[in-house]
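Here is upload.csv, consisting of CSV, C-alpha atoms and all ligand atoms:
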chain,number,residue,atom,x,y,z
A,213,MET,CA,-2.5,153.1,-5.2
A,214,LYS,CA,0.7,153.5,-3.2
A,215,PRO,CA,2.4,150.2,-2.2
A,216,LEU,CA,1.7,148.7,1.2
A,217,ASN,CA,4.4,148.3,3.8
A,218,SER,CA,7.3,146.6,2.1
A,219,THR,CA,8.6,144.6,5.1
A,220,ILE,CA,5.2,143.0,5.7
A,221,THR,CA,4.5,142.5,2.0
A,222,ALA,CA,7.8,140.6,1.7
A,223,ILE,CA,7.0,138.0,4.4
A,224,PRO,CA,5.1,135.0,3.1
A,225,PRO,CA,2.0,133.6,4.9
A,226,SER,CA,2.8,130.8,7.4
A,227,GLY,CA,3.5,127.5,5.6
A,228,ILE,CA,1.3,125.7,8.0
A,229,ARG,CA,-1.8,127.2,6.5
A,230,ARG,CA,-1.6,125.5,3.1
A,231,PHE,CA,-1.9,122.1,4.7
A,232,PHE,CA,-4.9,123.2,6.8
A,233,ASP,CA,-6.6,124.4,3.7
A,234,ILE,CA,-6.1,121.0,2.0
A,235,ALA,CA,-7.1,119.1,5.1
A,236,ALA,CA,-10.2,121.1,5.6
A,237,GLU,CA,-11.6,119.7,2.3
A,238,MET,CA,-11.0,116.1,3.2
A,239,ASP,CA,-12.9,113.6,5.4
A,240,ASP,CA,-11.4,111.4,8.1
A,241,VAL,CA,-8.2,113.4,8.4
A,242,ILE,CA,-6.0,112.7,11.5
A,243,SER,CA,-4.4,116.1,12.2
A,244,LEU,CA,-1.0,116.1,13.8
A,245,GLY,CA,-0.6,119.6,12.4
A,246,VAL,CA,-1.8,122.0,15.0
A,247,GLY,CA,0.4,123.1,17.9
A,248,GLU,CA,-2.6,123.2,20.3
A,249,PRO,CA,-3.7,121.0,23.2
A,250,ASP,CA,-6.6,118.8,22.4
A,251,PHE,CA,-7.8,119.3,26.0
A,252,VAL,CA,-10.4,121.8,26.9
A,253,THR,CA,-9.3,124.2,29.6
A,254,PRO,CA,-9.7,122.5,33.0
A,255,TRP,CA,-13.1,123.0,34.4
A,256,ARG,CA,-12.0,124.9,37.5
A,257,ILE,CA,-10.3,127.5,35.3
A,258,ARG,CA,-13.3,127.8,33.0
A,259,GLU,CA,-15.6,128.2,36.1
A,260,ALA,CA,-13.4,131.0,37.4
A,261,GLY,CA,-13.8,132.7,34.0
A,262,ILE,CA,-17.6,132.2,34.1
A,263,TYR,CA,-17.8,133.5,37.7
A,264,ALA,CA,-15.7,136.5,36.7
A,265,LEU,CA,-18.2,137.3,34.0
A,266,GLU,CA,-21.1,136.8,36.4
A,267,ARG,CA,-19.6,139.2,38.8
A,268,GLY,CA,-19.2,141.7,36.0
A,269,TYR,CA,-15.4,141.8,35.6
A,270,THR,CA,-15.8,143.1,32.1
A,271,THR,CA,-13.7,146.3,32.3
A,272,TYR,CA,-10.0,147.0,31.5
A,273,THR,CA,-7.6,146.1,34.2
A,274,GLY,CA,-4.5,148.2,35.0
A,275,ASN,CA,-2.1,148.2,32.0
A,276,ALA,CA,0.4,145.8,33.6
A,277,GLY,CA,-2.3,143.3,34.5
A,278,LEU,CA,-4.0,142.3,37.8
A,279,PRO,CA,-1.5,142.7,40.7
A,280,ARG,CA,-2.6,139.4,42.1
A,281,LEU,CA,-1.8,137.6,38.9
A,282,ARG,CA,1.6,139.3,38.6
A,283,GLU,CA,2.3,138.2,42.2
A,284,LEU,CA,1.4,134.6,41.4
A,285,ILE,CA,3.5,134.6,38.2
A,286,CYS,CA,6.6,135.9,40.0
A,287,ALA,CA,6.0,133.5,43.0
A,288,ASP,CA,5.8,130.6,40.6
A,289,LEU,CA,9.0,131.6,38.8
A,290,ALA,CA,10.7,131.9,42.2
A,291,SER,CA,9.5,128.7,43.7
A,292,ARG,CA,9.9,126.6,40.5
A,293,TYR,CA,13.1,127.9,39.0
A,294,ASP,CA,14.6,130.3,41.6
A,295,ALA,CA,14.1,133.1,39.1
A,296,ARG,CA,13.5,136.4,41.0
A,297,TYR,CA,11.3,139.1,39.6
A,298,ASP,CA,9.5,142.0,41.3
A,299,PRO,CA,5.8,141.7,40.4
A,300,ALA,CA,5.4,145.5,40.7
A,301,THR,CA,8.1,146.5,38.2
A,302,GLU,CA,9.5,143.5,36.4
A,303,CYS,CA,6.4,141.5,35.3
A,304,LEU,CA,3.7,142.4,32.7
A,305,VAL,CA,0.6,140.4,31.8
A,306,THR,CA,0.3,140.1,28.0
A,307,THR,CA,-2.1,138.9,25.4
A,308,GLY,CA,-0.3,135.6,25.1
A,309,VAL,CA,3.4,135.0,24.5
A,310,SER,CA,2.7,136.3,21.0
A,311,GLU,CA,2.2,139.9,22.3
A,312,GLY,CA,5.1,139.6,24.7
A,313,LEU,CA,7.5,138.6,21.9
A,314,ASP,CA,6.4,141.5,19.8
A,315,LEU,CA,6.7,144.0,22.7
A,316,ALA,CA,10.2,142.7,23.7
A,317,LEU,CA,11.5,142.9,20.1
A,318,ARG,CA,10.1,146.4,19.6
A,319,VAL,CA,11.8,147.5,22.8
A,320,LEU,CA,15.1,145.9,22.2
A,321,LEU,CA,15.6,146.7,18.5
A,322,ASP,CA,16.5,149.8,16.5
A,323,PRO,CA,16.0,149.5,12.7
A,324,GLY,CA,18.5,147.2,11.0
A,325,GLU,CA,19.8,145.5,14.1
A,326,GLU,CA,20.2,141.7,13.9
A,327,VAL,CA,18.6,139.0,16.1
A,328,ILE,CA,20.2,135.6,16.0
A,329,VAL,CA,17.6,132.9,15.9
A,330,PRO,CA,18.6,129.2,16.1
A,331,GLU,CA,16.4,127.2,13.8
A,332,PRO,CA,14.3,125.2,13.0
A,333,CYS,CA,12.2,127.5,15.3
A,334,TYR,CA,8.6,128.6,15.9
A,335,VAL,CA,7.2,130.2,12.8
A,336,ALA,CA,6.6,133.6,14.3
A,337,TYR,CA,10.1,134.3,15.5
A,338,GLN,CA,11.7,135.6,12.3
A,339,PRO,CA,8.7,137.5,11.0
A,340,CYS,CA,8.3,139.2,14.4
A,341,VAL,CA,11.9,140.3,14.3
A,342,SER,CA,11.3,141.8,10.8
A,343,PHE,CA,8.0,143.5,11.9
A,344,ALA,CA,10.0,145.2,14.7
A,345,GLY,CA,12.4,146.6,12.1
A,346,GLY,CA,15.2,144.1,12.8
A,347,THR,CA,16.9,141.5,10.7
A,348,PRO,CA,16.6,137.8,11.7
A,349,VAL,CA,19.7,135.8,11.3
A,350,GLY,CA,19.0,132.0,11.3
A,351,VAL,CA,21.7,129.7,12.8
A,352,PRO,CA,21.1,126.0,12.1
A,353,THR,CA,20.8,123.3,14.7
A,354,ARG,CA,21.2,119.6,13.9
A,355,ALA,CA,19.3,116.4,14.6
A,356,GLU,CA,22.6,114.7,15.4
A,357,ASP,CA,23.1,117.1,18.3
A,358,GLY,CA,19.5,116.6,19.5
A,359,PHE,CA,18.9,120.1,18.1
A,360,ALA,CA,21.0,121.6,20.9
A,361,ILE,CA,22.1,125.2,20.1
A,362,ASP,CA,25.5,125.3,18.5
A,363,VAL,CA,27.0,128.1,20.6
A,364,ALA,CA,30.1,128.4,18.4
A,365,ALA,CA,27.9,128.8,15.3
A,366,VAL,CA,25.9,131.4,17.1
A,367,GLU,CA,29.1,133.3,18.0
A,368,ALA,CA,30.3,133.0,14.4
A,369,ALA,CA,27.1,134.8,13.3
A,370,VAL,CA,27.6,137.8,15.6
A,371,THR,CA,28.3,141.0,13.8
A,372,PRO,CA,28.6,144.6,15.0
A,373,ARG,CA,24.8,144.9,14.3
A,374,THR,CA,23.8,141.9,16.4
A,375,LYS,CA,21.6,143.0,19.3
A,376,ALA,CA,19.9,139.9,20.7
A,377,ILE,CA,19.6,136.1,20.6
A,378,LEU,CA,16.1,134.6,20.5
A,379,ILE,CA,15.6,131.0,21.7
A,380,GLY,CA,12.7,128.7,22.6
A,381,SER,CA,13.2,125.9,25.0
A,382,PRO,CA,11.4,123.4,25.1
A,383,ALA,CA,11.2,124.0,21.4
A,384,ASN,CA,8.5,124.1,18.8
A,385,PRO,CA,9.0,122.3,16.3
A,386,THR,CA,11.7,119.9,17.5
A,387,GLY,CA,10.7,119.1,21.1
A,388,ALA,CA,14.3,119.8,22.1
A,389,VAL,CA,15.2,121.0,25.6
A,390,GLN,CA,18.4,123.0,25.7
A,391,PRO,CA,20.8,121.5,28.3
A,392,PRO,CA,21.8,123.8,31.2
A,393,GLU,CA,25.5,123.9,29.9
A,394,VAL,CA,24.3,125.2,26.5
A,395,LEU,CA,22.3,127.9,28.2
A,396,ARG,CA,25.3,128.8,30.4
A,397,ALA,CA,27.5,129.0,27.3
A,398,LEU,CA,24.9,131.2,25.6
A,399,VAL,CA,24.8,133.6,28.5
A,400,ALA,CA,28.6,133.8,28.6
A,401,LEU,CA,28.5,134.6,24.9
A,402,ALA,CA,25.9,137.3,25.4
A,403,GLU,CA,28.0,138.8,28.1
A,404,ARG,CA,31.1,138.8,25.9
A,405,HIS,CA,29.3,140.5,23.1
A,406,ASP,CA,26.9,142.6,25.2
A,407,LEU,CA,23.8,141.0,23.7
A,408,TYR,CA,20.2,140.7,25.0
A,409,LEU,CA,18.6,137.3,25.3
A,410,LEU,CA,15.0,136.5,24.6
A,411,SER,CA,13.7,133.3,26.0
A,412,ASP,CA,10.4,131.8,25.0
A,413,GLU,CA,9.5,129.4,27.8
A,414,ILE,CA,5.9,128.8,26.9
A,415,TYR,CA,6.4,125.0,27.1
A,416,ASP,CA,8.3,125.1,30.4
A,417,ARG,CA,5.9,122.8,32.2
A,418,LEU,CA,6.0,120.2,29.3
A,419,THR,CA,9.4,118.6,30.0
A,420,TYR,CA,9.6,114.8,30.4
A,421,ASP,CA,13.2,114.0,31.1
A,422,GLY,CA,14.4,116.3,33.9
A,423,THR,CA,13.5,119.8,34.9
A,424,HIS,CA,13.2,123.0,33.0
A,425,THR,CA,15.9,125.7,33.4
A,426,CYS,CA,14.6,129.3,33.3
A,427,LEU,CA,17.1,131.4,31.4
A,428,GLY,CA,16.4,134.3,33.8
A,429,ALA,CA,17.9,132.2,36.6
A,430,VAL,CA,21.1,131.3,34.9
A,431,PRO,CA,23.9,133.3,36.5
A,432,GLY,CA,24.8,136.5,34.6
A,433,ALA,CA,21.6,136.3,32.4
A,434,ARG,CA,19.1,138.3,34.4
A,435,GLU,CA,20.0,141.9,33.5
A,436,ARG,CA,20.0,141.1,29.8
A,437,THR,CA,17.2,138.6,29.5
A,438,VAL,CA,13.5,138.8,28.7
A,439,VAL,CA,11.6,135.6,29.7
A,440,LEU,CA,8.3,134.9,28.0
A,441,GLY,CA,5.7,132.5,29.3
A,442,GLY,CA,2.0,131.9,29.3
A,443,PHE,CA,-1.0,129.7,29.9
A,444,SER,CA,-1.8,128.5,26.3
A,445,LYS,CA,0.0,125.2,26.4
A,446,ALA,CA,0.3,123.6,29.9
A,447,GLN,CA,-3.1,125.0,31.1
A,448,ALA,CA,-4.8,124.4,27.7
A,449,MET,CA,-5.8,128.1,27.4
A,450,THR,CA,-4.9,129.0,23.8
A,451,GLY,CA,-8.2,130.9,23.2
A,452,TRP,CA,-8.1,133.0,26.4
A,453,ARG,CA,-5.1,135.0,25.1
A,454,VAL,CA,-3.1,135.5,28.2
A,455,GLY,CA,0.6,135.3,28.9
A,456,TRP,CA,3.4,137.2,30.7
A,457,LEU,CA,6.8,138.7,30.3
A,458,ALA,CA,9.4,139.0,33.0
A,459,ALA,CA,12.4,141.3,32.6
A,460,PRO,CA,14.6,143.8,34.5
A,461,ALA,CA,12.7,146.9,35.3
A,462,PRO,CA,14.1,149.2,32.5
A,463,ILE,CA,13.1,146.7,29.8
A,464,ALA,CA,9.7,145.8,31.4
A,465,GLU,CA,8.9,149.5,31.8
A,466,LEU,CA,9.3,150.1,28.1
A,467,CYS,CA,7.4,147.0,27.2
A,468,LEU,CA,4.6,148.4,29.4
A,469,ARG,CA,4.8,151.6,27.5
A,470,VAL,CA,4.2,149.9,24.1
A,471,HIS,CA,1.5,147.6,25.6
A,472,GLN,CA,-0.4,150.5,27.2
A,473,TYR,CA,-0.8,152.3,23.9
A,474,THR,CA,-1.3,149.3,21.7
A,475,MET,CA,-3.2,146.7,23.8
A,476,LEU,CA,-4.2,148.5,27.0
A,477,CYS,CA,-4.4,145.3,28.9
A,478,ALA,CA,-4.9,141.5,28.5
A,479,PRO,CA,-8.6,140.4,28.7
A,480,HIS,CA,-9.9,140.9,32.3
A,481,VAL,CA,-11.8,137.6,32.4
A,482,SER,CA,-8.8,135.7,31.1
A,483,GLN,CA,-6.6,137.2,33.8
A,484,MET,CA,-9.1,136.1,36.5
A,485,ALA,CA,-9.0,132.6,35.0
A,486,ALA,CA,-5.2,132.7,35.0
A,487,VAL,CA,-5.3,133.6,38.7
A,488,GLU,CA,-7.2,130.4,39.3
A,489,ALA,CA,-4.9,128.5,37.0
A,490,LEU,CA,-1.9,129.4,39.1
A,491,SER,CA,-3.7,129.1,42.4
A,492,ASN,CA,-5.5,125.7,42.1
A,493,ALA,CA,-5.0,124.0,38.8
A,494,GLU,CA,-1.7,122.3,39.5
A,495,PRO,CA,-3.3,118.8,39.6
A,496,ASP,CA,-5.0,119.4,36.3
A,497,VAL,CA,-1.7,120.4,34.7
A,498,ALA,CA,0.1,117.4,36.2
A,499,GLU,CA,-2.5,115.1,34.7
A,500,MET,CA,-2.3,116.6,31.2
A,501,VAL,CA,1.5,116.5,31.3
A,502,ALA,CA,1.4,112.8,32.3
A,503,ASP,CA,-1.0,112.2,29.5
A,504,TYR,CA,1.3,114.0,26.9
A,505,ASP,CA,4.2,111.9,28.2
A,506,ARG,CA,2.2,108.6,27.6
A,507,ARG,CA,1.3,109.7,24.1
A,508,ARG,CA,4.9,110.8,23.5
A,509,ARG,CA,6.3,107.4,24.3
A,510,VAL,CA,3.7,105.5,22.3
A,511,PHE,CA,4.0,107.8,19.3
A,512,VAL,CA,7.8,108.0,19.1
A,513,LYS,CA,8.1,104.2,19.5
A,514,GLY,CA,5.5,103.8,16.7
A,515,LEU,CA,7.2,106.2,14.4
A,516,ARG,CA,10.5,104.3,14.9
A,517,GLU,CA,8.8,101.0,14.3
A,518,ALA,CA,7.3,102.4,11.1
A,519,GLY,CA,10.8,103.1,9.9
A,520,LEU,CA,11.4,106.8,10.7
A,521,GLU,CA,14.4,107.9,12.7
A,522,CYS,CA,13.1,110.2,15.5
A,523,PRO,CA,15.2,112.2,17.9
A,524,GLU,CA,13.9,111.8,21.4
A,525,PRO,CA,11.6,114.8,22.1
A,526,ALA,CA,12.3,115.8,25.7
A,527,GLY,CA,9.7,118.6,25.9
A,528,ALA,CA,6.7,120.4,24.3
A,529,PHE,CA,4.3,118.1,22.4
A,530,TYR,CA,6.0,117.6,19.1
A,531,ALA,CA,8.0,114.8,17.5
A,532,PHE,CA,10.3,115.9,14.6
A,533,PRO,CA,11.2,112.6,12.8
A,534,SER,CA,13.6,112.5,9.8
A,535,ILE,CA,11.9,111.4,6.6
A,536,ARG,CA,15.1,111.2,4.6
A,537,SER,CA,14.8,107.4,4.4
A,538,SER,CA,11.6,107.9,2.3
A,539,GLY,CA,13.6,109.6,-0.5
A,540,LEU,CA,11.1,112.4,-0.5
A,541,ASP,CA,11.6,116.0,0.5
A,542,ALA,CA,9.6,117.2,3.5
A,543,GLU,CA,7.0,119.2,1.4
A,544,THR,CA,6.3,116.2,-0.9
A,545,PHE,CA,6.2,113.8,2.0
A,546,ALA,CA,3.7,115.9,3.9
A,547,GLU,CA,1.5,116.6,0.9
A,548,ARG,CA,1.4,112.9,-0.2
A,549,LEU,CA,0.8,111.6,3.3
A,550,LEU,CA,-2.2,113.9,3.6
A,551,ARG,CA,-3.6,113.1,0.2
A,552,GLU,CA,-2.9,109.3,0.3
A,553,GLU,CA,-3.3,108.5,4.0
A,554,SER,CA,-5.3,111.5,5.4
A,555,VAL,CA,-2.7,112.3,8.0
A,556,ALA,CA,-1.8,116.0,8.4
A,557,VAL,CA,1.8,116.8,9.5
A,558,VAL,CA,3.9,119.9,8.8
A,559,PRO,CA,7.0,119.9,6.6
A,560,GLY,CA,10.1,120.8,8.7
A,561,THR,CA,11.2,123.5,6.2
A,562,VAL,CA,8.3,125.7,7.4
A,563,PHE,CA,10.4,126.2,10.5
A,564,GLY,CA,13.7,127.1,8.8
A,565,PRO,CA,16.1,125.6,6.3
A,566,SER,CA,17.6,123.1,8.7
A,567,GLY,CA,14.1,121.6,9.1
A,568,ALA,CA,14.6,120.0,5.7
A,569,GLY,CA,14.3,116.2,5.7
A,570,HIS,CA,12.0,116.3,8.8
A,571,ILE,CA,8.3,116.6,9.5
A,572,ARG,CA,6.6,118.0,12.6
A,573,CYS,CA,4.0,115.9,14.2
A,574,SER,CA,2.0,117.2,17.2
A,575,TYR,CA,1.1,114.5,19.6
A,576,ALA,CA,-1.4,116.7,21.4
A,577,THR,CA,-3.9,114.3,19.9
A,578,ALA,CA,-5.9,111.4,21.5
A,579,LEU,CA,-4.0,108.1,21.8
A,580,PRO,CA,-6.2,106.0,19.5
A,581,GLN,CA,-5.7,108.6,16.8
A,582,LEU,CA,-2.0,108.6,17.3
A,583,GLU,CA,-1.9,104.9,17.0
A,584,GLN,CA,-3.9,105.0,13.8
A,585,ALA,CA,-1.7,107.8,12.5
A,586,VAL,CA,1.4,105.7,13.0
A,587,GLU,CA,-0.3,102.8,11.2
A,588,ARG,CA,-1.1,105.0,8.3
A,589,ILE,CA,2.4,106.4,8.1
A,590,GLY,CA,3.7,102.8,8.1
A,591,ASN,CA,1.4,101.9,5.2
A,592,PHE,CA,2.5,105.0,3.3
A,593,LEU,CA,6.2,104.2,3.8
A,594,ARG,CA,5.7,100.6,2.8
A,595,ARG,CA,4.0,101.7,-0.5
A,596,LEU,CA,6.8,104.1,-1.5
B,601,LIG,N1,5.7,130.4,21.4
B,601,LIG,C1,5.7,129.1,20.9
B,601,LIG,C2,7.0,128.4,20.8
B,601,LIG,C3,4.6,128.5,20.4
B,601,LIG,O1,4.6,127.3,19.9
B,601,LIG,C4,3.4,129.3,20.4
B,601,LIG,C5,2.1,128.7,19.9
B,601,LIG,O2,2.1,127.7,19.2
B,601,LIG,C6,3.4,130.6,20.9
B,601,LIG,C7,4.6,131.1,21.4
B,601,LIG,C8,2.1,131.4,21.0
B,601,LIG,O3,1.7,131.5,22.3
B,601,LIG,P1,0.5,132.3,22.9
B,601,LIG,O4,-0.8,131.5,22.6
B,601,LIG,O5,0.7,132.5,24.3
B,601,LIG,O6,0.5,133.6,22.1
Taking this structure as input, can you express it in the form of C-alpha cells?
Ligand code: PLP
Amino acid sequence: MKPLNSTITAIPPSGIRRFFDIAAEMDDVISLGVGEPDFVTPWRIREAGIYALERGYTTYTGNAGLPRLRELICADLASRYDARYDPATECLVTTGVSEGLDLALRVLLDPGEEVIVPEPCYVAYQPCVSFAGGTPVGVPTRAEDGFAIDVAAVEAAVTPRTKAILIGSPANPTGAVQPPEVLRALVALAERHDLYLLSDEIYDRLTYDGTHTCLGAVPGARERTVVLGGFSKAQAMTGWRVGWLAAPAPIAELCLRVHQYTMLCAPHVSQMAAVEALSNAEPDVAEMVADYDRRRRVFVKGLREAGLECPEPAGAFYAFPSIRSSGLDAETFAERLLREESVAVVPGTVFGPSGAGHIRCSYATALPQLEQAVERIGNFLRRL
C-alpha cells in the first residue's frame, strides 16, 4: 500500500488521551484533566435548541451562518470590547473555534510558511498549522513572567518565511491573560514585519482580574488580525459545535470559501441556541463565571498550601502549578498521581517544551471534588 499523508502521519496523537485511557479503567478518579465545563448548557439555551427542533429548523443555513446570530456576535464585540466588525462581510459562524482556527490557517498560509506560536499552548495550535501546510515555530513563555508573551523572543524567531503569530488569551493551559501592553507590542511587531495575527479568544468571558482585551480592537491590529471565539466555554456549549470568526472582509471572504465547500454551515439548531445565548443568557454566564472564580480561589490556595508553587491564573479555568519541588518530571508526576491517588491531571509537556515542570489542572470541577483533589495531592507530596 502507498504511504498515507506524511504530515499527518508525523504528528503524534494528543498527549492528553493516554491519561484518559488509564483513568477510564480506574474507580473513584477525580478528573482535573478535561478542558470542559462541568455545567450543563443553561436551560434557556437548551430550550431554544429544543424549540428550534420542534419548529423544524433542521435544514442548512446560509453558509456564513444565520444573519441574526452574526449581528448579535458583532454587536457583542462592539459593546464589550469596542471591536467593530460588519456582520455581513466580516463575521462567519463556524463549527466551533476548532473550525475557525483551521479555516484561518488555511487561508493565511502557503506551504512552508511559518507561524510563531508562544507555548505552552492549546494542543491543537501546532498540529493545525502543520495540517494547513505551514511550519509551527514555538517560542517559550515562562512562569516567572506569569506566562506573558516575550515579544523580544517572538521577534528573534521571525524569519523571511514567517507569516503569522498565533496566540490564545486567556490561555489554555496556563490561565494567563496577556496584558494590554504585551498585546500592543505584539501588534507593533506584526506591523514592523508585516505579519498576520490569529487570536483565539474562546475564554474571553472567563477573566477574573480585570477585563479582556480583544486583539481586533488594539490600534493597528484590525486589518491583519483574525479573532476566534465561541460558545463552548462561557456558555457551556461544547457539544453544540458552534463558534465564530471575525476578520477584515478579504480574509473573512476566503474563510467563507473554504467553509462553504468543506462544512457548508454550522448546525442550524446550535445556531438558534447561540442566538438565545447571546440574547438572554447573560445572567447564566455571570453565575458560572462567579462560580469558576470561587473554585479558582479555593483550588489555587489549596495547591499552594499543599506545597506547590502556582502562578495566579487570571483567566480560563486552569491552574498550571510547578511540580519541580517534587523532584519528579511532569509525566511521572501525573502518572503516579493518577495511579496512587486517583487524581487525573495533564503533564505540562503536552502543551509544549516550556510546560516541563508543570501540570495542568482544570478547576471546572465541583468544589467538594476540588477540595478532595487538593487533599490527595497533599498526601501524594508528603509521601514522596
Ligand atoms: N481553543 C482553546 C484554547 C481551547 O481550549 C479549546 C477547547 O478546549 C478550543 C479552542 C476548542 O473550541 P471549540 O469547542 O469552540 O471548537
>> Please report the interatomic distance between atom CA of Ile414 of chain A and atom CA of His480 of chain A in Å with one decimal.
In response: 20.6 Å
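Residues within 12 Å of Ala429 of chain A, counting only C-alpha atoms and excluding same-chain residues fewer than 2 positions away, are Leu289, Ala290, Ser291, Arg292, Tyr293, Asp294, Ala295, Arg296, Tyr297, Pro392, Leu395, Arg396, Val399, Ser411, His424, Thr425, Cys426, Leu427, Pro431, Gly432, Ala433, Arg434, Glu435, Arg436, Thr437, Val438, Val439, Ala458 and Ala459 of chain A.
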>> Is it possible to get the residues within 12 Å of (-0.8, 129.5, 34.5) (coordinates as in the file, counting only C-alpha atoms) written as a count of residues only?
In response: 47
> In Å, with one decimal, what is the gap from atom CA of Gly422 of chain A to atom CA of Asp357 of chain A?
Replying inline: 17.9 Å
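Between atom CA of Leu320 of chain A and atom CA of Thr353 of chain A the interatomic distance comes to 24.5 Å.
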>> At a cut-off of 8 Å around the point (-1.0, 108.5, 22.3) (file coordinates), what residues fall inside when counting only C-alpha atoms? I'd like the answer as a PyMOL selection string.
In response: chain A and resi 504+506-511+575+577-583
>> For segment 363-379 of chain A, find every residue with an atom within 6 Å (counting all atoms listed in the file), except residues of its own chain fewer than 5 positions away, and show them as number ranges by chain.
In response: A: 325-329, 407-411
Output C-alpha atoms for every residue in that selection, as a compact mmCIF listing (two decimals), in the coordinates of the input.
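As a result, part06.txt now contains:
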# COMPACT_ATOMS: atom_id res chain seq x y z
CA GLU A 325 19.80 145.50 14.10
CA GLU A 326 20.20 141.70 13.90
CA VAL A 327 18.60 139.00 16.10
CA ILE A 328 20.20 135.60 16.00
CA VAL A 329 17.60 132.90 15.90
CA LEU A 407 23.80 141.00 23.70
CA TYR A 408 20.20 140.70 25.00
CA LEU A 409 18.60 137.30 25.30
CA LEU A 410 15.00 136.50 24.60
CA SER A 411 13.70 133.30 26.00
> Leu244 of chain A: which residues within 9 Å, counting all atoms listed in the file, same-chain residues fewer than 4 positions away excluded, as a PyMOL selection string?
Replying inline: chain A and resi 530+555-558+572-577+582+585
Export segment 244-258 of chain A, N, CA, C and O atoms, as an mmCIF file, in the first residue's frame; it's the structure right above.
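Wrote it out as part.cif, contents follow:
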data_model
loop_
_atom_site.group_PDB
_atom_site.id
_atom_site.type_symbol
_atom_site.label_atom_id
_atom_site.label_comp_id
_atom_site.auth_asym_id
_atom_site.auth_seq_id
_atom_site.Cartn_x
_atom_site.Cartn_y
_atom_site.Cartn_z
ATOM 1 N N LEU A 244 -9.204 16.203 36.855
ATOM 2 C CA LEU A 244 -8.937 17.620 36.594
ATOM 3 C C LEU A 244 -8.313 17.708 35.210
ATOM 4 O O LEU A 244 -7.551 18.612 34.905
ATOM 5 N N GLY A 245 -8.633 16.707 34.394
ATOM 6 C CA GLY A 245 -7.940 16.570 33.115
ATOM 7 C C GLY A 245 -8.621 17.249 31.951
ATOM 8 O O GLY A 245 -7.957 17.768 31.061
ATOM 9 N N VAL A 246 -9.942 17.269 31.940
ATOM 10 C CA VAL A 246 -10.613 17.758 30.725
ATOM 11 C C VAL A 246 -10.801 19.267 30.737
ATOM 12 O O VAL A 246 -11.097 19.862 31.768
ATOM 13 N N GLY A 247 -10.671 19.876 29.578
ATOM 14 C CA GLY A 247 -10.868 21.313 29.440
ATOM 15 C C GLY A 247 -12.294 21.619 29.048
ATOM 16 O O GLY A 247 -12.549 22.219 28.014
ATOM 17 N N GLU A 248 -13.219 21.197 29.900
ATOM 18 C CA GLU A 248 -14.632 21.308 29.540
ATOM 19 C C GLU A 248 -15.444 21.687 30.769
ATOM 20 O O GLU A 248 -15.215 21.132 31.846
ATOM 21 N N PRO A 249 -16.386 22.629 30.634
ATOM 22 C CA PRO A 249 -17.199 22.994 31.802
ATOM 23 C C PRO A 249 -17.911 21.775 32.362
ATOM 24 O O PRO A 249 -18.325 20.895 31.597
ATOM 25 N N ASP A 250 -18.071 21.718 33.683
ATOM 26 C CA ASP A 250 -18.861 20.636 34.264
ATOM 27 C C ASP A 250 -20.337 21.037 34.317
ATOM 28 O O ASP A 250 -21.177 20.250 34.731
ATOM 29 N N PHE A 251 -20.655 22.248 33.899
ATOM 30 C CA PHE A 251 -22.052 22.675 33.851
ATOM 31 C C PHE A 251 -22.720 22.116 32.599
ATOM 32 O O PHE A 251 -22.077 21.985 31.562
ATOM 33 N N VAL A 252 -24.022 21.826 32.726
ATOM 34 C CA VAL A 252 -24.824 21.542 31.546
ATOM 35 C C VAL A 252 -25.161 22.908 30.934
ATOM 36 O O VAL A 252 -25.243 23.912 31.644
ATOM 37 N N THR A 253 -25.337 22.956 29.628
ATOM 38 C CA THR A 253 -25.755 24.203 28.968
ATOM 39 C C THR A 253 -26.971 24.787 29.700
ATOM 40 O O THR A 253 -27.912 24.049 30.003
ATOM 41 N N PRO A 254 -26.966 26.094 30.009
ATOM 42 C CA PRO A 254 -28.104 26.684 30.717
ATOM 43 C C PRO A 254 -29.445 26.339 30.050
ATOM 44 O O PRO A 254 -29.530 26.273 28.830
ATOM 45 N N TRP A 255 -30.456 26.145 30.912
ATOM 46 C CA TRP A 255 -31.731 25.627 30.431
ATOM 47 C C TRP A 255 -32.332 26.474 29.321
ATOM 48 O O TRP A 255 -32.819 25.953 28.319
ATOM 49 N N ARG A 256 -32.263 27.792 29.456
ATOM 50 C CA ARG A 256 -32.937 28.619 28.433
ATOM 51 C C ARG A 256 -32.294 28.402 27.050
ATOM 52 O O ARG A 256 -32.974 28.490 26.026
ATOM 53 N N ILE A 257 -30.996 28.080 27.023
ATOM 54 C CA ILE A 257 -30.333 27.825 25.734
ATOM 55 C C ILE A 257 -30.757 26.456 25.195
ATOM 56 O O ILE A 257 -31.075 26.292 24.013
ATOM 57 N N ARG A 258 -30.801 25.474 26.122
ATOM 58 C CA ARG A 258 -31.252 24.141 25.687
ATOM 59 C C ARG A 258 -32.681 24.210 25.155
ATOM 60 O O ARG A 258 -33.029 23.598 24.147
#
